[in-house]
Structure formats: C-alpha cells, structure tokens
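Novice: Following this line is run04.cif, made up of mmCIF, C-alpha atoms:
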data_model
loop_
_atom_site.label_atom_id
_atom_site.label_comp_id
_atom_site.auth_asym_id
_atom_site.auth_seq_id
_atom_site.Cartn_x
_atom_site.Cartn_y
_atom_site.Cartn_z
CA MET A 1 24.18 59.58 18.42
CA LYS A 2 25.64 56.75 20.49
CA HIS A 3 25.71 54.48 17.39
CA LEU A 4 27.56 57.17 15.43
CA LEU A 5 30.23 57.40 18.12
CA ILE A 6 30.67 53.62 18.19
CA PHE A 7 30.85 53.54 14.38
CA LEU A 8 33.52 56.28 14.33
CA LEU A 9 35.54 54.49 16.98
CA LEU A 10 35.40 51.19 15.05
CA ALA A 11 36.34 52.93 11.80
CA THR A 12 39.29 54.66 13.48
CA CYS A 13 40.51 51.41 15.00
CA SER A 14 40.14 49.64 11.65
CA VAL A 15 42.18 52.29 9.86
CA SER A 16 44.92 52.32 12.49
CA ALA A 17 45.10 48.53 12.63
CA PHE A 18 45.30 48.41 8.82
CA ALA A 19 48.77 49.95 9.10
CA GLN A 20 49.59 48.94 12.68
CA PHE A 21 50.27 45.23 12.30
CA PRO A 22 52.79 44.38 9.62
CA LEU A 23 53.36 40.72 9.09
CA GLY A 24 56.17 39.56 11.33
CA GLY A 25 54.85 41.44 14.38
CA LYS A 26 55.16 39.55 17.64
CA GLU A 27 52.14 38.07 19.42
CA LYS A 28 53.09 39.83 22.66
CA GLU A 29 53.12 43.25 20.92
CA ILE A 30 49.76 42.62 19.25
CA ARG A 31 48.17 41.57 22.57
CA ALA A 32 49.60 44.65 24.29
CA TYR A 33 48.25 46.97 21.57
CA PHE A 34 44.73 45.56 21.84
CA ASN A 35 44.80 45.54 25.64
CA LYS A 36 45.82 49.20 25.70
CA ASN A 37 43.85 50.63 22.75
CA ILE A 38 40.81 48.40 22.33
CA PRO A 39 39.79 47.35 25.85
CA TYR A 40 36.28 46.19 24.94
CA ALA A 41 37.53 43.51 22.54
CA SER A 42 37.73 39.99 23.92
CA ALA A 43 40.63 37.74 22.98
CA LYS A 44 40.47 34.03 22.18
CA ASP A 45 43.45 31.77 21.58
CA PHE A 46 43.03 28.84 19.20
CA LYS A 47 44.84 26.35 16.96
CA SER A 48 43.96 26.03 13.27
CA LYS A 49 43.34 22.63 11.73
CA ASP A 50 46.97 22.81 10.56
CA ASN A 51 48.04 23.26 14.22
CA VAL A 52 49.02 26.91 13.67
CA SER A 53 48.61 29.09 16.76
CA GLY A 54 46.07 31.85 16.44
CA LEU A 55 44.61 34.75 18.34
CA ARG A 56 41.24 36.34 17.59
CA PHE A 57 40.04 39.66 18.93
CA LEU A 58 36.27 39.87 18.82
CA LYS A 59 34.18 43.01 18.87
CA THR A 60 30.45 43.44 18.81
CA LYS A 61 28.38 41.80 16.07
CA GLY A 62 31.42 40.28 14.33
CA LEU A 63 32.50 43.54 12.71
CA GLY A 64 35.99 44.72 13.46
CA ASP A 65 37.25 41.23 14.32
CA TYR A 66 40.96 40.60 13.95
CA THR A 67 42.37 37.09 13.59
CA PHE A 68 46.14 36.59 13.76
CA TYR A 69 48.12 33.46 12.88
CA PHE A 70 51.60 32.95 14.34
CA ASP A 71 54.60 30.77 13.51
CA SER A 72 56.44 28.76 16.17
CA ASN A 73 58.50 31.87 17.08
CA GLY A 74 55.38 33.90 17.85
CA SER A 75 55.69 36.03 14.69
CA CYS A 76 52.55 36.94 12.78
CA VAL A 77 52.47 35.10 9.43
CA SER A 78 48.94 36.12 8.49
CA TYR A 79 46.04 38.13 9.76
CA ILE A 80 42.42 38.70 8.81
CA VAL A 81 40.31 41.79 9.43
CA THR A 82 36.49 41.72 9.17
CA TYR A 83 34.66 44.80 7.90
CA GLY A 84 31.01 45.70 7.41
CA ASN A 85 29.70 45.57 3.83
CA TYR A 86 29.23 49.36 3.90
CA GLU A 87 33.07 49.66 3.89
CA PHE A 88 33.60 47.39 0.85
CA ASN A 89 34.21 50.10 -1.77
CA LYS A 90 36.32 52.20 0.61
CA ILE A 91 38.60 49.23 1.34
CA LEU A 92 38.89 48.34 -2.38
CA ASN A 93 39.82 51.96 -3.17
CA ARG A 94 42.43 52.00 -0.40
CA LEU A 95 43.93 48.70 -1.60
CA ASN A 96 44.02 49.92 -5.21
CA ALA A 97 45.74 53.14 -4.13
CA THR A 98 48.27 51.48 -1.84
CA PHE A 99 49.08 48.06 -3.33
CA LYS A 100 49.73 46.49 -6.73
CA PRO A 101 46.67 44.57 -8.02
CA LEU A 102 47.20 40.94 -9.04
CA ASP A 103 43.57 40.29 -9.97
CA GLY A 104 40.11 41.52 -8.98
CA SER A 105 40.42 40.36 -5.36
CA THR A 106 44.16 40.10 -4.64
CA TRP A 107 46.90 42.71 -4.27
CA THR A 108 50.58 42.52 -3.41
CA SER A 109 52.90 44.94 -1.66
CA GLN A 110 55.43 46.84 -3.76
CA ASN A 111 58.20 44.49 -2.57
CA GLU A 112 55.88 41.51 -3.28
CA GLU A 113 56.43 40.11 0.23
CA THR A 114 52.77 40.42 1.26
CA ASN A 115 49.60 39.37 -0.52
CA ILE A 116 46.25 40.87 0.41
CA THR A 117 43.03 39.10 -0.56
CA VAL A 118 39.50 40.40 -0.17
CA VAL A 119 37.00 37.65 0.65
CA PRO A 120 33.69 39.18 -0.47
CA PRO A 121 30.56 38.80 1.63
CA LYS A 122 28.57 35.64 1.23
CA GLU A 123 24.90 35.89 0.44
CA ASN A 124 22.90 37.35 3.35
CA GLU A 125 26.03 38.27 5.33
CA ASN A 126 26.76 41.78 6.51
CA SER A 127 30.55 41.52 6.54
CA PHE A 128 33.58 40.63 4.45
CA SER A 129 37.20 39.84 5.27
CA VAL A 130 40.60 41.06 4.16
CA VAL A 131 43.40 38.48 4.46
CA TYR A 132 47.04 39.59 4.79
CA LEU A 133 49.51 36.78 4.09
CA GLN A 134 53.22 36.50 3.43
CA SER A 135 53.77 35.71 -0.26
CA ALA A 136 53.66 32.10 -1.45
CA GLY A 137 57.46 31.98 -1.71
CA ASN A 138 57.60 31.60 2.06
CA SER A 139 57.52 27.83 2.69
CA GLN A 140 56.26 28.28 6.27
CA ASN A 141 52.93 29.54 4.97
CA SER A 142 52.29 27.17 2.10
CA SER A 143 50.10 24.87 4.21
CA LEU A 144 48.11 27.55 6.05
CA THR A 145 44.37 27.15 5.68
CA LEU A 146 42.57 30.42 6.32
CA ALA A 147 38.85 31.00 6.59
CA SER A 148 37.02 34.28 6.57
CA ASN A 149 35.72 35.55 9.91
#
Turn the structure described in the file into structure tokens.
Specialist:
Amino acid sequence: MKHLLIFLLLATCSVSAFAQFPLGGKEKEIRAYFNKNIPYASAKDFKSKDNVSGLRFLKTKGLGDYTFYFDSNGSCVSYIVTYGNYEFNKILNRLNATFKPLDGSTWTSQNEETNITVVPPKENENSFSVVYLQSAGNSQNSSLTLASN
C-alpha cells in the first residue's frame, strides 16, 4: 500500500510538472516550486560541459528526476524529465495528443517554439527521458549538449 501511495504521488507530480514549467521560467521560481511542493527531492547545482548552468532535482531511484538548464539571465532554456519505463506509452500518447509530431521521437509545440524529444530507455535501464528544448532557431541553444538522466 505504501508503494502505491508513493507511485501515485510521483505520477501526480510528474503530470503537474509536465505543464508547470514552460521554457523561459526563472530558476528562482522553479526552486521555490520544488521546495514547496516536492520537499523530499534533493537539489544539485552544476555546469554542463558547455558551461551552461543547471539544476537537477533528484528523487528516489532516479525516477521523477528533473534537470533544468538556464541561460545567463536565469531563464530555463531546456529541461529533462525522467520517467519509469511503465509510463512510456502513456507519455507518447500524451505527446501525440498535445503536440505536433516531427518524427517518431520528436514533437513540436503548435507555435513551433518548443521541441520535445523522447530519449528511449537504453538496454537494461528502467527509465527514459523527455527533453524540452527551445526550437533550433534560437541561437542561444544551438550549442547545448544534453544527456538523458
């Protein structure tokens, strides 16, 4: 029963975060949201190999991780959410219903300002990632190197 409650809580947080953090959100707002609504997540600041500031919120067992990348103004230019493999088809269905498909693993928003890419699970892994990124037309993001969680 305890595992079911934890699962439902993680699923609810994943769904709310799916719509909660549009690209362009400020680092301070994202930190405040997690501090208030997801108190058991730990936060880690980091720099990518391209010297882009990042913030990762870690949950248990790597599922439900959120990784945010920020520009020099503290605005979110990309974020990655990690899901358990059991959610793969549900996420694909939600992306297909909400966004315009570009190919089998990439979608774009209706205004084509945001691209969403599903990074499928690697062999013997129990999770996959969804990457939200401003479209390639934005020169700030052209050198971002993102890795799945």
Novice: Find the axis-aligned box for segment 59-76 of chain A, covering all its listed atoms and adding 3 Å on each side, and write its centre and edge lengths in Å to one decimal as AutoDock Vina command-line options.
Specialist:
--center_x 43.4 --center_y 36.7 --center_z 15.8 --size_x 36.1 --size_y 22.0 --size_z 12.2
Novice: Which residues come within 6 Å of segment 31-47 of chain A, counting all atoms listed in the file, excluding same-chain residues fewer than 4 positions away, as a PDB file with C-alpha atoms, in the coordinates of the input?
Specialist:
ATOM      1  CA  ASN A  51      48.040  23.260  14.220  1.00  0.00           C
ATOM      2  CA  VAL A  52      49.020  26.910  13.670  1.00  0.00           C
ATOM      3  CA  SER A  53      48.610  29.090  16.760  1.00  0.00           C
ATOM      4  CA  GLY A  54      46.070  31.850  16.440  1.00  0.00           C
ATOM      5  CA  LEU A  55      44.610  34.750  18.340  1.00  0.00           C
ATOM      6  CA  ARG A  56      41.240  36.340  17.590  1.00  0.00           C
ATOM      7  CA  PHE A  57      40.040  39.660  18.930  1.00  0.00           C
ATOM      8  CA  LEU A  58      36.270  39.870  18.820  1.00  0.00           C
ATOM      9  CA  LYS A  59      34.180  43.010  18.870  1.00  0.00           C
TER      10      LYS A  59
END
Novice: For the structure shown, which residues end up in the PyMOL selection byres ((chain A and resi 132) around 6)? Put them as JSON, numbers by chain, please?
Specialist: {"A": [78, 79, 115, 116, 131, 133]}
Novice: Quick one, how far is atom CA of Asn126 of chain A from atom CA of Asn85 of chain A?
Specialist: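 Pair atom CA of Asn126 of chain A / atom CA of Asn85 of chain A returns 5.5 Å.
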Novice: What would the selection look like, as a PyMOL selection string, if the PyMOL selection byres ((chain A and resi 101) around 12) were run on the coordinates I just shared?
Specialist: chain A and resi 92-100+102-110+112+114-118
Novice: If the PyMOL selection byres ((chain A and resi 86) around 12) is run on the structure shown, which residues does it catch, given as a PyMOL selection string?
Specialist: chain A and resi 7+11+63+82-85+87-92+120-121+125-128
Novice: Create the file for the chosen residues now, containing C-alpha atoms and written as a PDB file, in the coordinates of the input.
Specialist:
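What ended up in out.pdb:
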ATOM      1  CA  PHE A   7      30.850  53.540  14.380  1.00  0.00           C
ATOM      2  CA  ALA A  11      36.340  52.930  11.800  1.00  0.00           C
ATOM      3  CA  LEU A  63      32.500  43.540  12.710  1.00  0.00           C
ATOM      4  CA  THR A  82      36.490  41.720   9.170  1.00  0.00           C
ATOM      5  CA  TYR A  83      34.660  44.800   7.900  1.00  0.00           C
ATOM      6  CA  GLY A  84      31.010  45.700   7.410  1.00  0.00           C
ATOM      7  CA  ASN A  85      29.700  45.570   3.830  1.00  0.00           C
ATOM      8  CA  GLU A  87      33.070  49.660   3.890  1.00  0.00           C
ATOM      9  CA  PHE A  88      33.600  47.390   0.850  1.00  0.00           C
ATOM     10  CA  ASN A  89      34.210  50.100  -1.770  1.00  0.00           C
ATOM     11  CA  LYS A  90      36.320  52.200   0.610  1.00  0.00           C
ATOM     12  CA  ILE A  91      38.600  49.230   1.340  1.00  0.00           C
ATOM     13  CA  LEU A  92      38.890  48.340  -2.380  1.00  0.00           C
ATOM     14  CA  PRO A 120      33.690  39.180  -0.470  1.00  0.00           C
ATOM     15  CA  PRO A 121      30.560  38.800   1.630  1.00  0.00           C
ATOM     16  CA  GLU A 125      26.030  38.270   5.330  1.00  0.00           C
ATOM     17  CA  ASN A 126      26.760  41.780   6.510  1.00  0.00           C
ATOM     18  CA  SER A 127      30.550  41.520   6.540  1.00  0.00           C
ATOM     19  CA  PHE A 128      33.580  40.630   4.450  1.00  0.00           C
TER      20      PHE A 128
END
Novice: When you draw a straight line from atom CA of Ile30 of chain A to atom CA of Lys122 of chain A, how long is it in Å?
Specialist: 28.7 Å
Novice: For Lys49 of chain A, which residue among A:Lys28, A:Tyr69, A:Ser129, A:Glu123 is the nearest when counting all atoms listed in the file?
Specialist: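 Closest to Lys49 of chain A, using all atoms listed in the file: A:Tyr69.
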Novice: Work out how far apart atom CA of Asp65 of chain A and atom CA of Asn111 of chain A are and give it in Å to one decimal.
Specialist: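 Computing it gives 27.1 Å between the two atoms.
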Novice: For each of A:Asn124, A:Val119, A:Gly25, A:Asp50, take the minimum atom-to-atom distance to Phe68 of chain A, counting only C-alpha atoms, then give the residue where this is smallest.
Specialist: A:Gly25
Novice: Choose the residue, out of A:Gln134, A:Val81, A:Tyr66, A:Ser48, that has the smallest atom-to-atom separation from Gly24 of chain A; count only C-alpha atoms.
Specialist: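 The answer is A:Gln134, which sits nearest to Gly24 of chain A.
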Novice: Which residue is closest to Glu113 of chain A? Choose from A:Phe70, A:Ser75, A:Glu27, A:Ser135 and count only C-alpha atoms.
Specialist: A:Ser135
